[in-house]
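*Asks:* Okay, here's the structure, questions in a sec.
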Amino acid sequence: MITKRIIPCLDVKDGRVVKGVSFVNLRDAGDPVELAALYNRERADELVFLDISASHEGRKTMIEVVRKAAAELSIPFTVGGGISTVDDMFHLLRAGADKVSINTAAVLQPELIKAGAKRFGCQCIVVAIDAKYDEKLQDWLVYTHGGRRVTEWRAVEWAKEVERLGAGEILLTSMDRDGQKDGYDIALTKAVSEAVSIPVIASGGAGKEEHFYDVFTETKANAALAASIFHFQELSIGGVKSYLQERGVEVR
């Protein structure tokens, strides 16, 4: 059985880690380099770093912050935000990232997925999908620009497309559940993880240990990502892993 991964996420804005609810009302959660070092010590399986305002503001991800954070890590490190070219990917990988995450650019120029996978390998390319349920369509739509713009893509169809183009992993965030702490979006995660064969990271909604158990036992998610509950020490990574292990979920 493939072991499940627990992944903290650093949403970074103006050089500080922030966390909000459904992508708004952000509050400060600390220094990204210090938190990277903390999660490395706490046995996180990986770390995700997202410069959440980069695409919206048209900036590049803060290379220097990435470099400093990478120096603290011995675990895989994924970086996203403002990536729009293969050269952007190269600079982040050279700065210490193990994988790059693209969201807005993947939708605007899907060929970037294929080009990145060809140059660096599929395992380096993570496509982040921010999805929100549309009552009228009775389906999840994909959003870009940090959740500010809706697209015509439906989440499941877009997930299949990014796999076809060469993505090695999907970071799936439920905008409806983000920061709510009432559990992952099981229906969304189940639909996407069953539609593709590449790993899916569930994101949005973790509030207690049971939520990790639910998403791993009720869907095919390979990993679960959380932010504020770890940043504000409501839960520890070790505690979540022990909880899962005691209930028969294989963790590292």
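Identifiers for the structure tokens are assigned positionally: chains receive A, B, ... in sequence, residues are indexed from 1 per chain, and ligands are indexed from 1 in the order shown.
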Hey, which bits of region 28-123 of chain A sit within 10 Å of region 232-251 of chain A, and for each residue what's the closest pair of atoms and how far apart in Å (one decimal), counting only C-alpha atoms, rows by chain and increasing number, as a Markdown table?

*Replies:*
| residue | atom | partner | partner_atom | distance |
| --- | --- | --- | --- | --- |
| A:Ala29 | CA | A:Phe232 | CA | 7.2 |
| A:Gly30 | CA | A:Phe232 | CA | 9.3 |
| A:Tyr39 | CA | A:Ile237 | CA | 8.1 |
| A:Glu42 | CA | A:Ile237 | CA | 6.4 |
| A:Arg43 | CA | A:Ile237 | CA | 7.1 |
| A:Ala44 | CA | A:Ile237 | CA | 6.4 |
| A:Asp45 | CA | A:Val251 | CA | 9.2 |

*Asks:* Give me, please, the distance in Å between CA of Arg5 (chain A) and CA of Leu172 (chain A), quoted to one decimal.

*Replies:*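 Computing the Euclidean distance for CA of Arg5 (chain A) and CA of Leu172 (chain A) yields 14.3 Å.
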
*Asks:* A:Phe49, A:Phe216, A:Phe90, A:Trp140: which is nearest Ala70 (chain A), counting only C-alpha atoms?

*Replies:*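 Nearest to Ala70 (chain A): A:Phe49.
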
*Asks:* Nearest to Lys13 (chain A) among A:Met62, A:Leu35, A:Ala195, A:Val142, with distances taken over only C-alpha atoms: which residue is it?

*Replies:*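 Of all the options, A:Met62 lies closest to Lys13 (chain A).
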
*Asks:* For CA of Ser174 (chain A) and CA of Arg148 (chain A), quote the distance in Å rounded to one decimal.

*Replies:*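 Straight-line distance from CA of Ser174 (chain A) to CA of Arg148 (chain A) works out to 13.8 Å.
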
*Asks:* Show which residues sit within 10 Å of Ser197 (chain A), as a PDB file with N, CA and C atoms, in the first residue's frame. Count only C-alpha atoms, and ignore same-chain residues fewer than 4 positions away.

*Replies:*
ATOM      1  N   LYS A 160      -8.305  15.635 -15.865  1.00  0.00           N
ATOM      2  CA  LYS A 160      -7.959  14.645 -16.900  1.00  0.00           C
ATOM      3  C   LYS A 160      -7.045  15.268 -17.958  1.00  0.00           C
ATOM      4  N   GLU A 163      -3.439  15.781 -16.685  1.00  0.00           N
ATOM      5  CA  GLU A 163      -2.728  14.497 -16.676  1.00  0.00           C
ATOM      6  C   GLU A 163      -2.278  14.138 -18.085  1.00  0.00           C
ATOM      7  N   GLY A 168       2.510  15.625 -13.213  1.00  0.00           N
ATOM      8  CA  GLY A 168       2.821  14.453 -12.405  1.00  0.00           C
ATOM      9  C   GLY A 168       1.999  14.363 -11.136  1.00  0.00           C
ATOM     10  N   GLU A 169       1.292  15.451 -10.812  1.00  0.00           N
ATOM     11  CA  GLU A 169       0.537  15.503  -9.567  1.00  0.00           C
ATOM     12  C   GLU A 169      -0.478  16.641  -9.646  1.00  0.00           C
ATOM     13  N   VAL A 192     -12.371  13.772  -8.490  1.00  0.00           N
ATOM     14  CA  VAL A 192     -11.119  14.040  -9.209  1.00  0.00           C
ATOM     15  C   VAL A 192     -10.138  12.879  -9.054  1.00  0.00           C
ATOM     16  N   SER A 193      -9.977  12.383  -7.830  1.00  0.00           N
ATOM     17  CA  SER A 193      -8.971  11.326  -7.602  1.00  0.00           C
ATOM     18  C   SER A 193      -9.332  10.020  -8.303  1.00  0.00           C
ATOM     19  N   LYS A 220      -9.555   8.582  -3.074  1.00  0.00           N
ATOM     20  CA  LYS A 220      -8.258   8.032  -3.492  1.00  0.00           C
ATOM     21  C   LYS A 220      -7.135   9.054  -3.366  1.00  0.00           C
TER      22      LYS A 220
END

*Asks:* Name the residues in contact with region 116-118 of chain A at a cut-off of 10 Å, using only C-alpha atoms, excluding same-chain residues fewer than 3 positions from it; report them as a list in words.

*Replies:*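 Close residues of region 116-118 of chain A: Thr85, Val86, Asp87, Met89, Phe90, Val100, Glu111, Leu112, Ile113, Gly121, Cys122, Gln123, Cys124, Ile125, Val126, Leu165, Gly166, Ala167 and Gly168 of chain A.
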
*Asks:* Let's see if you can do this: from backbone DSSP, list all strand (DSSP E) residues in region 4-239 of chain A, as a PyMOL selection string.

*Replies:* chain A and resi 5-13+16-21+24-30+47-51+77-80+99-102+125-134+139-144+149-154+169-174+200-203+223-226

*Asks:* Considering only C-alpha atoms, return as a PyMOL selection string whatever protein or nucleic-acid residues lie within 8 Å of Ser203 (chain A), sequence-local ones (same chain, fewer than 4 positions apart) excluded.

*Replies:* chain A and resi 171-174+178+184+224-226

*Asks:* Give me the residues within 8 Å of Leu73 (chain A) as a PyMOL selection string, counting only C-alpha atoms and dropping any in the same chain fewer than 2 places off.

*Replies:* chain A and resi 36-37+40+69-71+75-77

*Asks:* Could you tell me how far CA of Leu92 (chain A) sits from CA of Gly204 (chain A), in Å to one decimal place?

*Replies:*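 Computing the Euclidean distance for CA of Gly204 (chain A) and CA of Leu92 (chain A) yields 25.0 Å.
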
*Asks:* Which of region 127-199 of chain A counts as helix (DSSP H, G or I) under DSSP, as a count of residues only please?

*Replies:* 21
